[in-house]
Each structure stands twice: as structure tokens, then as C-alpha cells.
>>> print(open('my_file20.csv').read())   # CSV, C-alpha atoms
chain,number,residue,atom,x,y,z
A,21,MET,CA,-4.6,-14.6,1.6
A,22,THR,CA,-7.5,-13.8,-0.7
A,23,GLN,CA,-6.6,-11.7,-3.8
A,24,PRO,CA,-8.8,-8.7,-4.4
A,25,ILE,CA,-11.1,-8.9,-7.4
A,26,VAL,CA,-9.8,-6.9,-10.4
A,27,LEU,CA,-11.6,-6.8,-13.7
A,28,ASN,CA,-9.5,-5.3,-16.5
A,29,HIS,CA,-8.9,-5.1,-20.2
A,30,GLY,CA,-9.3,-8.5,-22.0
A,31,ALA,CA,-11.5,-10.1,-19.3
A,32,LYS,CA,-14.7,-11.8,-20.4
A,33,GLY,CA,-17.7,-13.3,-18.7
A,34,GLN,CA,-20.8,-12.6,-16.6
A,35,ALA,CA,-18.9,-10.4,-14.2
A,36,ILE,CA,-18.1,-8.1,-17.1
A,37,VAL,CA,-21.8,-8.0,-18.1
A,38,GLN,CA,-22.6,-6.9,-14.6
A,39,LEU,CA,-19.9,-4.3,-14.6
A,40,GLN,CA,-21.1,-2.9,-17.9
A,41,LYS,CA,-24.7,-2.7,-16.6
A,42,ALA,CA,-23.5,-0.9,-13.5
A,43,LEU,CA,-21.5,1.5,-15.6
A,44,ASN,CA,-24.6,2.1,-17.8
A,45,ALA,CA,-26.6,2.9,-14.7
A,46,ALA,CA,-24.0,5.5,-13.9
A,47,GLY,CA,-24.3,7.1,-17.3
A,48,ALA,CA,-22.3,5.0,-19.7
A,49,LYS,CA,-23.7,3.7,-23.0
A,50,LEU,CA,-22.1,0.2,-23.4
A,51,GLU,CA,-23.4,-2.9,-25.0
A,52,PRO,CA,-23.4,-5.5,-22.1
A,53,ASP,CA,-21.6,-8.1,-24.1
A,54,GLY,CA,-19.3,-9.5,-21.4
A,55,ASP,CA,-16.2,-8.3,-23.2
A,56,PHE,CA,-13.9,-5.9,-21.3
A,57,GLY,CA,-12.6,-4.1,-24.4
A,58,ASP,CA,-11.5,-0.5,-25.2
A,59,GLU,CA,-14.9,1.0,-24.8
A,60,THR,CA,-15.5,-0.6,-21.4
A,61,GLU,CA,-12.1,0.6,-20.2
A,62,LYS,CA,-12.9,4.1,-21.3
A,63,ALA,CA,-16.2,3.9,-19.4
A,64,VAL,CA,-14.4,2.7,-16.3
A,65,ARG,CA,-11.9,5.6,-16.5
A,66,ALA,CA,-14.7,8.1,-17.1
A,67,TYR,CA,-16.6,6.8,-14.1
A,68,GLN,CA,-13.4,6.8,-11.9
A,69,LEU,CA,-12.7,10.4,-12.9
A,70,LYS,CA,-16.3,11.4,-12.3
A,71,VAL,CA,-16.3,10.1,-8.7
A,72,GLY,CA,-12.7,11.0,-7.9
A,73,LEU,CA,-11.2,7.5,-7.7
A,74,VAL,CA,-7.8,6.7,-9.0
A,75,VAL,CA,-8.2,6.6,-12.8
A,76,ASP,CA,-6.5,3.3,-13.7
A,77,GLY,CA,-9.1,1.8,-16.0
A,78,ARG,CA,-9.3,-1.3,-13.9
A,79,ALA,CA,-12.5,-2.2,-12.0
A,80,GLY,CA,-11.0,-3.3,-8.8
A,81,GLU,CA,-12.5,-3.5,-5.3
A,82,LYS,CA,-12.9,0.2,-4.8
A,83,THR,CA,-14.5,0.9,-8.2
A,84,LEU,CA,-16.9,-2.0,-7.8
A,85,LEU,CA,-17.8,-0.8,-4.3
A,86,ALA,CA,-18.4,2.8,-5.6
A,87,LEU,CA,-20.6,1.5,-8.3
A,88,ALA,CA,-22.6,-0.4,-5.7
A,89,GLY,CA,-23.1,2.9,-3.7
A,90,ALA,CA,-20.5,2.5,-1.0
A,91,ASP,CA,-19.0,5.5,0.8
A,92,CYS,CA,-15.7,6.4,-0.9
A,93,ARG,CA,-14.6,9.3,1.4
A,94,ARG,CA,-11.7,7.4,3.0
A,95,LEU,CA,-10.4,6.0,-0.3
A,96,LEU,CA,-7.4,7.2,-2.3
A,97,HIS,CA,-8.5,9.8,-4.9
A,98,ASN,CA,-7.1,10.7,-8.3
A,99,SER,CA,-6.2,14.2,-7.0
A,100,HIS,CA,-3.8,12.7,-4.5
A,101,LEU,CA,-1.8,11.0,-7.2
A,102,LEU,CA,-1.7,14.2,-9.3
A,103,ALA,CA,-0.4,16.1,-6.3
A,104,ALA,CA,2.2,13.5,-5.5
A,105,ALA,CA,3.6,13.5,-9.1
A,106,LYS,CA,4.0,17.3,-8.9
A,107,ARG,CA,5.5,17.2,-5.4
A,108,LEU,CA,8.0,14.5,-6.3
A,109,GLY,CA,8.8,15.8,-9.8
A,110,VAL,CA,7.9,12.3,-11.2
A,111,GLU,CA,6.0,11.4,-14.3
A,112,LEU,CA,2.4,10.8,-13.5
A,113,ALA,CA,2.3,7.4,-15.2
A,114,ALA,CA,5.1,6.3,-12.9
A,115,ILE,CA,3.0,7.3,-9.8
A,116,TYR,CA,0.1,5.4,-11.2
A,117,ALA,CA,2.4,2.3,-11.7
A,118,VAL,CA,3.8,2.3,-8.2
A,119,ASN,CA,0.3,2.9,-6.7
A,120,GLU,CA,-1.1,-0.1,-8.7
A,121,VAL,CA,1.8,-2.5,-8.0
A,122,GLU,CA,3.0,-1.5,-4.5
A,123,SER,CA,-0.4,-0.9,-2.8
A,124,ALA,CA,-2.2,-3.8,-1.1
A,125,GLY,CA,-5.3,-3.0,-3.3
A,126,ALA,CA,-7.1,-1.3,-0.4
A,127,GLY,CA,-5.9,0.3,2.8
A,128,PHE,CA,-8.7,-0.9,5.0
A,129,LEU,CA,-10.3,-4.2,6.0
A,130,ALA,CA,-14.0,-4.9,5.7
A,131,ASN,CA,-14.4,-4.1,9.4
A,132,GLY,CA,-13.0,-0.6,8.8
A,133,LYS,CA,-9.6,-1.1,10.4
A,134,PRO,CA,-6.4,-0.4,8.4
A,135,LYS,CA,-4.6,-3.3,6.9
A,136,VAL,CA,-1.6,-4.3,9.1
A,137,LEU,CA,1.0,-7.0,9.1
A,138,PHE,CA,2.7,-7.7,12.4
A,139,GLU,CA,6.4,-8.7,12.2
A,140,ARG,CA,7.5,-10.7,15.1
A,141,HIS,CA,11.2,-10.5,14.2
A,142,VAL,CA,11.0,-6.7,14.2
A,143,MET,CA,9.3,-6.8,17.6
A,144,HIS,CA,12.3,-8.7,18.9
A,145,ALA,CA,14.7,-6.1,17.4
A,146,ARG,CA,12.7,-3.2,18.8
A,147,LEU,CA,12.6,-4.7,22.3
A,148,SER,CA,16.3,-5.2,22.1
A,149,LEU,CA,16.9,-1.6,20.9
A,150,VAL,CA,18.9,0.8,23.2
A,151,ARG,CA,16.6,3.9,23.5
A,152,ASN,CA,18.2,5.7,26.4
A,153,GLU,CA,21.9,6.1,27.4
A,154,ASP,CA,21.3,4.2,30.7
A,155,ASP,CA,19.8,1.2,28.9
A,156,ASP,CA,21.8,-2.1,29.2
A,157,SER,CA,21.9,-3.6,25.7
A,158,ALA,CA,22.8,-7.1,27.0
A,159,ALA,CA,19.9,-7.0,29.5
A,160,LEU,CA,17.5,-5.8,26.8
A,161,LEU,CA,18.5,-8.6,24.4
A,162,ALA,CA,18.2,-11.2,27.2
A,163,HIS,CA,14.7,-9.9,28.0
A,164,ALA,CA,13.7,-10.1,24.3
A,165,ASP,CA,15.0,-13.6,24.1
A,166,GLN,CA,13.1,-14.6,27.2
A,167,LEU,CA,9.9,-13.1,25.8
A,168,ALA,CA,10.6,-15.0,22.5
A,169,ALA,CA,10.8,-18.3,24.5
A,170,THR,CA,7.4,-17.5,26.1
A,171,TYR,CA,5.6,-15.8,23.2
A,172,PRO,CA,7.3,-17.1,20.0
A,173,ALA,CA,4.4,-16.0,17.8
A,174,LEU,CA,4.8,-12.4,18.9
A,175,VAL,CA,8.5,-12.1,19.6
A,176,ASN,CA,11.0,-14.1,17.6
A,177,ARG,CA,14.4,-13.7,16.0
A,178,LYS,CA,12.9,-15.2,12.8
A,179,PRO,CA,10.1,-13.7,10.6
A,180,GLY,CA,6.9,-15.6,10.2
A,181,GLY,CA,3.8,-16.5,12.1
A,182,TYR,CA,1.5,-14.4,9.9
A,183,ALA,CA,-2.2,-14.9,10.4
A,184,GLY,CA,-3.5,-12.4,7.8
A,185,GLY,CA,-6.5,-10.0,7.7
A,186,VAL,CA,-8.3,-9.2,10.9
A,187,ALA,CA,-6.2,-11.8,12.8
A,188,GLU,CA,-3.1,-9.5,12.3
A,189,HIS,CA,-4.9,-7.0,14.5
A,190,VAL,CA,-5.3,-9.7,17.2
A,191,ARG,CA,-1.6,-10.4,17.1
A,192,LEU,CA,-0.9,-6.7,17.3
A,193,ALA,CA,-3.2,-6.3,20.3
A,194,GLN,CA,-1.5,-9.1,22.0
A,195,ALA,CA,2.0,-7.6,21.3
A,196,ARG,CA,0.8,-4.3,22.7
A,197,LEU,CA,0.3,-6.0,26.1
A,198,ILE,CA,4.0,-6.7,26.0
A,199,ASP,CA,5.2,-3.3,24.8
A,200,ALA,CA,2.7,-0.9,23.1
A,201,LEU,CA,5.4,1.3,21.4
A,202,ALA,CA,7.5,-1.6,20.1
A,203,ALA,CA,4.3,-3.4,18.9
A,204,ASP,CA,3.1,-0.4,16.8
A,205,GLU,CA,6.7,0.0,15.5
A,206,SER,CA,6.7,-3.6,14.5
A,207,ALA,CA,3.6,-3.5,12.2
A,208,SER,CA,3.5,-2.4,8.6
A,209,TRP,CA,0.5,-0.2,8.0
A,210,GLY,CA,-2.1,0.6,5.3
A,211,ALA,CA,-2.2,0.1,1.6
A,212,PHE,CA,1.6,0.7,1.2
A,213,GLN,CA,2.6,-1.3,4.3
A,214,ILE,CA,4.9,1.3,5.8
A,215,MET,CA,6.6,0.1,9.0
A,216,GLY,CA,5.7,1.9,12.2
A,217,TYR,CA,9.4,2.3,13.2
A,218,HIS,CA,9.8,4.7,10.2
A,219,ALA,CA,7.3,7.2,11.7
A,220,GLN,CA,9.7,9.9,13.1
A,221,ARG,CA,12.2,9.6,10.3
A,222,LEU,CA,9.3,10.4,7.9
A,223,GLY,CA,8.4,13.5,9.9
A,224,TYR,CA,5.6,12.3,12.2
A,225,ALA,CA,5.7,13.7,15.7
A,226,SER,CA,5.4,10.2,17.2
A,227,VAL,CA,4.6,6.6,16.3
A,228,ALA,CA,1.2,7.2,18.0
A,229,GLU,CA,0.4,10.1,15.5
A,230,PHE,CA,1.5,7.9,12.6
A,231,VAL,CA,-0.8,5.1,13.7
A,232,GLU,CA,-3.7,7.5,14.3
A,233,LEU,CA,-3.3,8.8,10.7
A,234,MET,CA,-3.1,5.3,9.2
A,235,HIS,CA,-6.6,4.7,10.7
A,236,ARG,CA,-8.0,7.9,9.1
A,237,SER,CA,-7.8,7.5,5.3
A,238,GLU,CA,-6.0,6.0,2.3
A,239,ALA,CA,-4.9,9.5,1.5
A,240,ASP,CA,-3.0,9.5,4.8
A,241,GLN,CA,-1.5,6.1,4.1
A,242,PHE,CA,-0.4,7.4,0.6
A,243,GLU,CA,1.1,10.4,2.3
A,244,ALA,CA,3.3,8.1,4.4
A,245,PHE,CA,4.3,6.3,1.1
A,246,VAL,CA,5.2,9.6,-0.5
A,247,ARG,CA,7.3,10.7,2.5
A,248,PHE,CA,9.0,7.3,2.4
A,249,ILE,CA,10.1,8.0,-1.2
A,250,GLU,CA,11.2,11.5,-0.3
A,251,ALA,CA,13.3,10.3,2.6
A,252,ASP,CA,15.3,8.0,0.3
A,253,PRO,CA,17.1,10.0,-2.5
A,254,ALA,CA,18.2,6.8,-4.2
A,255,LEU,CA,14.7,5.5,-4.3
A,256,LEU,CA,13.3,8.8,-5.7
A,257,LYS,CA,16.1,8.9,-8.3
A,258,ALA,CA,15.2,5.3,-9.4
A,259,LEU,CA,11.6,6.3,-9.7
A,260,LYS,CA,12.3,9.4,-11.7
A,261,ALA,CA,14.5,7.4,-14.1
A,262,LYS,CA,12.0,4.5,-14.2
A,263,LYS,CA,14.7,2.1,-13.3
A,264,TRP,CA,12.2,-0.4,-12.0
A,265,ALA,CA,14.6,-3.1,-10.8
A,266,ASP,CA,16.5,-0.6,-8.7
A,267,PHE,CA,13.2,0.9,-7.3
A,268,ALA,CA,11.8,-2.6,-6.6
A,269,LYS,CA,15.0,-3.7,-4.8
A,270,ARG,CA,15.0,-0.7,-2.6
A,271,TYR,CA,11.3,-0.8,-1.8
A,272,ASN,CA,10.5,-4.5,-1.8
A,273,GLY,CA,13.9,-5.9,-0.7
A,274,PRO,CA,16.5,-8.1,-2.4
A,275,ALA,CA,13.9,-10.9,-3.2
A,276,PHE,CA,11.9,-8.5,-5.4
A,277,ALA,CA,12.5,-10.5,-8.6
A,278,ARG,CA,10.8,-13.5,-7.1
A,279,ASN,CA,7.5,-11.7,-7.3
A,280,LEU,CA,8.4,-9.9,-10.6
A,281,TYR,CA,7.9,-6.5,-9.0
A,282,ASP,CA,10.1,-4.8,-11.5
A,283,VAL,CA,8.3,-6.5,-14.4
A,284,LYS,CA,4.9,-5.5,-13.0
A,285,LEU,CA,6.0,-1.9,-12.5
A,286,ASP,CA,7.3,-1.7,-16.1
A,287,ARG,CA,4.1,-3.1,-17.5
A,288,ALA,CA,1.9,-0.9,-15.4
A,289,TYR,CA,3.9,2.2,-16.3
A,290,LYS,CA,3.8,1.5,-20.0
A,291,ARG,CA,0.0,0.9,-19.9
A,292,HIS,CA,-0.6,4.2,-18.1
A,293,ALA,CA,1.8,6.1,-20.2
A,294,ASP,CA,0.2,4.8,-23.4
A,295,CYS,CA,-3.3,5.8,-22.3
A,296,GLY,CA,-2.3,9.2,-20.9
A,297,CYS,CA,-3.3,8.3,-17.4
A,298,GLY,CA,-7.1,8.4,-17.9
A,299,GLY,CA,-7.2,11.6,-19.8
A,300,GLN,CA,-4.8,13.5,-17.4
A,301,LYS,CA,-1.8,15.2,-18.9
A,302,VAL,CA,1.4,13.2,-18.1
A,303,ALA,CA,3.9,15.5,-16.3
A,304,ALA,CA,7.5,15.4,-17.5
>>> encode(input="my_file20.csv", output="C-alpha cells")
Amino acid sequence: MTQPIVLNHGAKGQAIVQLQKALNAAGAKLEPDGDFGDETEKAVRAYQLKVGLVVDGRAGEKTLLALAGADCRRLLHNSHLLAAAKRLGVELAAIYAVNEVESAGAGFLANGKPKVLFERHVMHARLSLVRNEDDDSAALLAHADQLAATYPALVNRKPGGYAGGVAEHVRLAQARLIDALAADESASWGAFQIMGYHAQRLGYASVAEFVELMHRSEADQFEAFVRFIEADPALLKALKAKKWADFAKRYNGPAFARNLYDVKLDRAYKRHADCGCGGQKVAA
């Protein structure tokens, strides 16, 4: 999967020259020297604050698109992070850190559809789930296994089969032909990859309502992430205490250390705390 472009402090080269020129066109007064130093980071933060984007001092996909004149209305805004910090009673720098590390960079694909990742092993589990008192668990499991034998890329006891990007929507569409509800429950949605089966536990009226909102904006995707944290007292406690290993284990799973999630969270938190979160007061 292609990694999103992120220009940040310490980077050098022609891409930084172009960034500096774009920032100057937006009102900054930088020397386009190709060196992403303190002044360039300040200019990035000032621009992000001006247009309402998340003030992280990094020129990622969203900032670069905004500088190019793209429509930013569906993007996550700085005000959403400020409100989340207050709502959760969490230090603002910690909210910046989890947004930076745990989000998928952007919540939407180039074609405007929300990012999704279809999980075939979850589909097998949801098809096997007893939903009504008259359901026969053995029959449901047998049917799921039969579907797995016929459509192993869509229903399987084992994870895998990922296609990435737009192709994940193709897999999801195919799975909906088998069972629409189970398919939507079996996909993770948006920038924060919240699984559809969490919908009602997080206070949504239905999985359908959740999916509709994941299509609407990154703010709605971030709302699902905030609800996910609120619904897990231990996760919220770890975030408040900045116990990053505990937070990463609960959010990313037991293999979190393999991808250094806790280390990345700690580094991101310290960077945002040191800079005061782009000029915003850090809440205690």
C-alpha cells in the first residue's frame, strides 16, 4: 500500500522548495531554501490554523491539497480535536498524537469513497453469529463454512486476502451480495478504521446509520473514534495517563510493538507537547 506523502521538520529537497513557495503564496515570508526548519514548520502551523486543518506542523496530504486549492470541507478540522480533548478530559497534545499515529492519514480515497478494509474472517464470524433466539448455531456455522469453501476471499476462518484501496470496496460489494449487514459489520471504516460491528455499542441507531456517516466526513469518522475511546474505560484511562504501550495494545492489538505504535505515540505526544499544539493552549 502506498504511503501518504508527509513533509516534516528536517526534510530537505525540491519538494520543500515547492512547499515553501506555496506557503509564501498563502501569505508566509519564507526563504525557499529547500530546508524544512523551524520557520517552515511555524509557517505550516500558521497556514493549518488559518484554514482550519489539524495544526500538526507536518505538510501531509491534506495540507498539500489545501495549498493546491482543494475543497477541505470533508476533512478533519482543528476544532474537532480541541472539542475531543475537552470532552474526554485528555491533554490536547495526546489527542494530536493519537490522531497522527492511529489515523490512516486521510479518511477518503481519491474517488471520494471512505477508506475501508474488509475482513473476511470477521465476515465468517458475523455469518455464524446467533442473532435471534430461534437461530440454530450449528446450522449457521455450517452455512458459513460452506460459503467459505465457495468464496474463500470473502468468507474465511483466517484473516487475509486484502486488496487495498478502491479494490476493498469491490470486495465489500461482493460480500454484500452474500449478506449486506454482515458485510458492513465486517469492514473497518474511515481514517480510524472502526469496525462496523461496533456501531450499536458506540451509540449508533444501526450499522446502516454508521456506514452513512462514515461516508459523510472525517469529522464523523473521528466522532466514531472518540466514541470508541469513551466506550472503553481502560483505553481512556491509558490515554489520560499517557501509558502508550497500554493504549496501543488495547487499540491496535497484542502485536502493537511490531509496528512500534507505542514508540510513535510517545514521540508524537512529546513533539506536540513541546510546541504547545500549534499555538493552542494544552489542556490539563
>>> closest_residue(input="my_file20.csv", among="A:Ala66, A:Val74, A:Ala114, A:Val121", to="His97 of chain A", atoms="all atoms listed in the file")
A:Val74
>>> residues_around(input="my_file20.csv", residues="Ala219 of chain A", least_positions_apart="5", cutoff="12 Å", atoms="all atoms listed in the file", output="PyMOL selection string")
chain A and resi 201+204-209+214+224-234+241+243-245+247-248+251
>>> residues_around(input="my_file20.csv", residues="Ala261 of chain A", least_positions_apart="4", cutoff="9 Å", atoms="only C-alpha atoms", output="ChimeraX atom specification")
/A:110,256-257
>>> write_last_selection(input="my_file20.csv", atoms="C-alpha atoms", output="PDB file, in the coordinates of the input")
ATOM      1  CA  VAL A 110       7.900  12.300 -11.200  1.00  0.00           C
ATOM      2  CA  LEU A 256      13.300   8.800  -5.700  1.00  0.00           C
ATOM      3  CA  LYS A 257      16.100   8.900  -8.300  1.00  0.00           C
TER       4      LYS A 257
END
>>> residues_around(input="my_file20.csv", residues="Gln40 of chain A", least_positions_apart="6", cutoff="12 Å", atoms="all atoms listed in the file", output="number ranges by chain")
A: 27-28, 32-34, 46-57, 59-64, 67, 79, 84, 87
>>> write_last_selection(input="my_file20.csv", atoms="C-alpha atoms", output="PDB file, in the frame of the given file")
ATOM      1  CA  LEU A  27     -11.600  -6.800 -13.700  1.00  0.00           C
ATOM      2  CA  ASN A  28      -9.500  -5.300 -16.500  1.00  0.00           C
ATOM      3  CA  LYS A  32     -14.700 -11.800 -20.400  1.00  0.00           C
ATOM      4  CA  GLY A  33     -17.700 -13.300 -18.700  1.00  0.00           C
ATOM      5  CA  GLN A  34     -20.800 -12.600 -16.600  1.00  0.00           C
ATOM      6  CA  ALA A  46     -24.000   5.500 -13.900  1.00  0.00           C
ATOM      7  CA  GLY A  47     -24.300   7.100 -17.300  1.00  0.00           C
ATOM      8  CA  ALA A  48     -22.300   5.000 -19.700  1.00  0.00           C
ATOM      9  CA  LYS A  49     -23.700   3.700 -23.000  1.00  0.00           C
ATOM     10  CA  LEU A  50     -22.100   0.200 -23.400  1.00  0.00           C
ATOM     11  CA  GLU A  51     -23.400  -2.900 -25.000  1.00  0.00           C
ATOM     12  CA  PRO A  52     -23.400  -5.500 -22.100  1.00  0.00           C
ATOM     13  CA  ASP A  53     -21.600  -8.100 -24.100  1.00  0.00           C
ATOM     14  CA  GLY A  54     -19.300  -9.500 -21.400  1.00  0.00           C
ATOM     15  CA  ASP A  55     -16.200  -8.300 -23.200  1.00  0.00           C
ATOM     16  CA  PHE A  56     -13.900  -5.900 -21.300  1.00  0.00           C
ATOM     17  CA  GLY A  57     -12.600  -4.100 -24.400  1.00  0.00           C
ATOM     18  CA  GLU A  59     -14.900   1.000 -24.800  1.00  0.00           C
ATOM     19  CA  THR A  60     -15.500  -0.600 -21.400  1.00  0.00           C
ATOM     20  CA  GLU A  61     -12.100   0.600 -20.200  1.00  0.00           C
ATOM     21  CA  LYS A  62     -12.900   4.100 -21.300  1.00  0.00           C
ATOM     22  CA  ALA A  63     -16.200   3.900 -19.400  1.00  0.00           C
ATOM     23  CA  VAL A  64     -14.400   2.700 -16.300  1.00  0.00           C
ATOM     24  CA  TYR A  67     -16.600   6.800 -14.100  1.00  0.00           C
ATOM     25  CA  ALA A  79     -12.500  -2.200 -12.000  1.00  0.00           C
ATOM     26  CA  LEU A  84     -16.900  -2.000  -7.800  1.00  0.00           C
ATOM     27  CA  LEU A  87     -20.600   1.500  -8.300  1.00  0.00           C
TER      28      LEU A  87
END
>>> atom_distance(input="my_file20.csv", atom1="atom CA of Asp266 of chain A", atom2="atom CA of Arg291 of chain A")
20.0 Å
>>> closest_residue(input="my_file20.csv", among="A:Ala203, A:Ala126, A:Ala169, A:Ala104", to="Leu147 of chain A", atoms="only C-alpha atoms")
A:Ala203
>>> atom_distance(input="my_file20.csv", atom1="atom CA of His144 of chain A", atom2="atom CA of Leu160 of chain A")
9.9 Å
>>> atom_distance(input="my_file20.csv", atom1="atom CA of Gly223 of chain A", atom2="atom CA of Glu250 of chain A")
10.8 Å
>>> decode(input="my_file20.csv", residues="segment 151-177 of chain A", atoms="N, CA and C atoms", output="mmCIF file, in the first residue's frame")
data_model
loop_
_atom_site.group_PDB
_atom_site.id
_atom_site.type_symbol
_atom_site.label_atom_id
_atom_site.label_comp_id
_atom_site.auth_asym_id
_atom_site.auth_seq_id
_atom_site.Cartn_x
_atom_site.Cartn_y
_atom_site.Cartn_z
ATOM 1 N N ARG A 151 -28.265 -14.380 16.119
ATOM 2 C CA ARG A 151 -28.869 -13.066 16.285
ATOM 3 C C ARG A 151 -30.274 -13.141 16.867
ATOM 4 N N ASN A 152 -30.941 -14.252 16.665
ATOM 5 C CA ASN A 152 -32.306 -14.442 17.164
ATOM 6 C C ASN A 152 -32.382 -15.728 17.972
ATOM 7 N N GLU A 153 -33.336 -15.794 18.871
ATOM 8 C CA GLU A 153 -33.413 -16.956 19.773
ATOM 9 C C GLU A 153 -33.763 -18.247 19.045
ATOM 10 N N ASP A 154 -34.337 -18.103 17.850
ATOM 11 C CA ASP A 154 -34.668 -19.323 17.096
ATOM 12 C C ASP A 154 -33.575 -19.715 16.096
ATOM 13 N N ASP A 155 -32.442 -19.003 16.124
ATOM 14 C CA ASP A 155 -31.336 -19.364 15.235
ATOM 15 C C ASP A 155 -30.674 -20.656 15.698
ATOM 16 N N ASP A 156 -30.255 -21.456 14.773
ATOM 17 C CA ASP A 156 -29.543 -22.701 15.054
ATOM 18 C C ASP A 156 -28.056 -22.433 14.852
ATOM 19 N N SER A 157 -27.292 -22.373 15.933
ATOM 20 C CA SER A 157 -25.881 -22.015 15.853
ATOM 21 C C SER A 157 -25.097 -22.990 14.982
ATOM 22 N N ALA A 158 -25.402 -24.268 15.097
ATOM 23 C CA ALA A 158 -24.688 -25.268 14.298
ATOM 24 C C ALA A 158 -24.971 -25.081 12.809
ATOM 25 N N ALA A 159 -26.227 -24.779 12.487
ATOM 26 C CA ALA A 159 -26.609 -24.580 11.087
ATOM 27 C C ALA A 159 -25.944 -23.319 10.525
ATOM 28 N N LEU A 160 -25.902 -22.251 11.336
ATOM 29 C CA LEU A 160 -25.264 -21.010 10.902
ATOM 30 C C LEU A 160 -23.776 -21.227 10.612
ATOM 31 N N LEU A 161 -23.118 -21.953 11.511
ATOM 32 C CA LEU A 161 -21.698 -22.221 11.340
ATOM 33 C C LEU A 161 -21.449 -23.077 10.099
ATOM 34 N N ALA A 162 -22.299 -24.061 9.893
ATOM 35 C CA ALA A 162 -22.155 -24.934 8.722
ATOM 36 C C ALA A 162 -22.335 -24.127 7.437
ATOM 37 N N HIS A 163 -23.298 -23.194 7.470
ATOM 38 C CA HIS A 163 -23.552 -22.361 6.294
ATOM 39 C C HIS A 163 -22.356 -21.434 6.031
ATOM 40 N N ALA A 164 -21.782 -20.878 7.097
ATOM 41 C CA ALA A 164 -20.609 -20.010 6.948
ATOM 42 C C ALA A 164 -19.438 -20.790 6.368
ATOM 43 N N ASP A 165 -19.255 -22.009 6.840
ATOM 44 C CA ASP A 165 -18.171 -22.849 6.323
ATOM 45 C C ASP A 165 -18.400 -23.204 4.853
ATOM 46 N N GLN A 166 -19.668 -23.417 4.495
ATOM 47 C CA GLN A 166 -19.989 -23.717 3.102
ATOM 48 C C GLN A 166 -19.664 -22.515 2.209
ATOM 49 N N LEU A 167 -20.016 -21.332 2.675
ATOM 50 C CA LEU A 167 -19.711 -20.118 1.928
ATOM 51 C C LEU A 167 -18.195 -19.911 1.829
ATOM 52 N N ALA A 168 -17.492 -20.259 2.902
ATOM 53 C CA ALA A 168 -16.032 -20.127 2.907
ATOM 54 C C ALA A 168 -15.397 -21.036 1.853
ATOM 55 N N ALA A 169 -15.974 -22.195 1.677
ATOM 56 C CA ALA A 169 -15.446 -23.126 0.674
ATOM 57 C C ALA A 169 -15.683 -22.601 -0.743
ATOM 58 N N THR A 170 -16.793 -21.860 -0.906
ATOM 59 C CA THR A 170 -17.157 -21.341 -2.231
ATOM 60 C C THR A 170 -16.522 -19.986 -2.519
ATOM 61 N N TYR A 171 -16.475 -19.132 -1.477
ATOM 62 C CA TYR A 171 -15.956 -17.763 -1.648
ATOM 63 C C TYR A 171 -14.872 -17.480 -0.596
ATOM 64 N N PRO A 172 -13.747 -18.172 -0.667
ATOM 65 C CA PRO A 172 -12.721 -18.034 0.372
ATOM 66 C C PRO A 172 -12.128 -16.633 0.499
ATOM 67 N N ALA A 173 -12.208 -15.817 -0.547
ATOM 68 C CA ALA A 173 -11.666 -14.457 -0.468
ATOM 69 C C ALA A 173 -12.588 -13.535 0.307
ATOM 70 N N LEU A 174 -13.844 -13.968 0.493
ATOM 71 C CA LEU A 174 -14.840 -13.130 1.160
ATOM 72 C C LEU A 174 -15.273 -13.673 2.511
ATOM 73 N N VAL A 175 -15.256 -14.978 2.656
ATOM 74 C CA VAL A 175 -15.640 -15.638 3.909
ATOM 75 C C VAL A 175 -14.563 -16.666 4.220
ATOM 76 N N ASN A 176 -13.981 -16.540 5.409
ATOM 77 C CA ASN A 176 -12.851 -17.407 5.721
ATOM 78 C C ASN A 176 -12.641 -17.427 7.224
ATOM 79 N N ARG A 177 -12.159 -18.519 7.738
ATOM 80 C CA ARG A 177 -11.830 -18.578 9.164
ATOM 81 C C ARG A 177 -10.537 -17.827 9.471
#
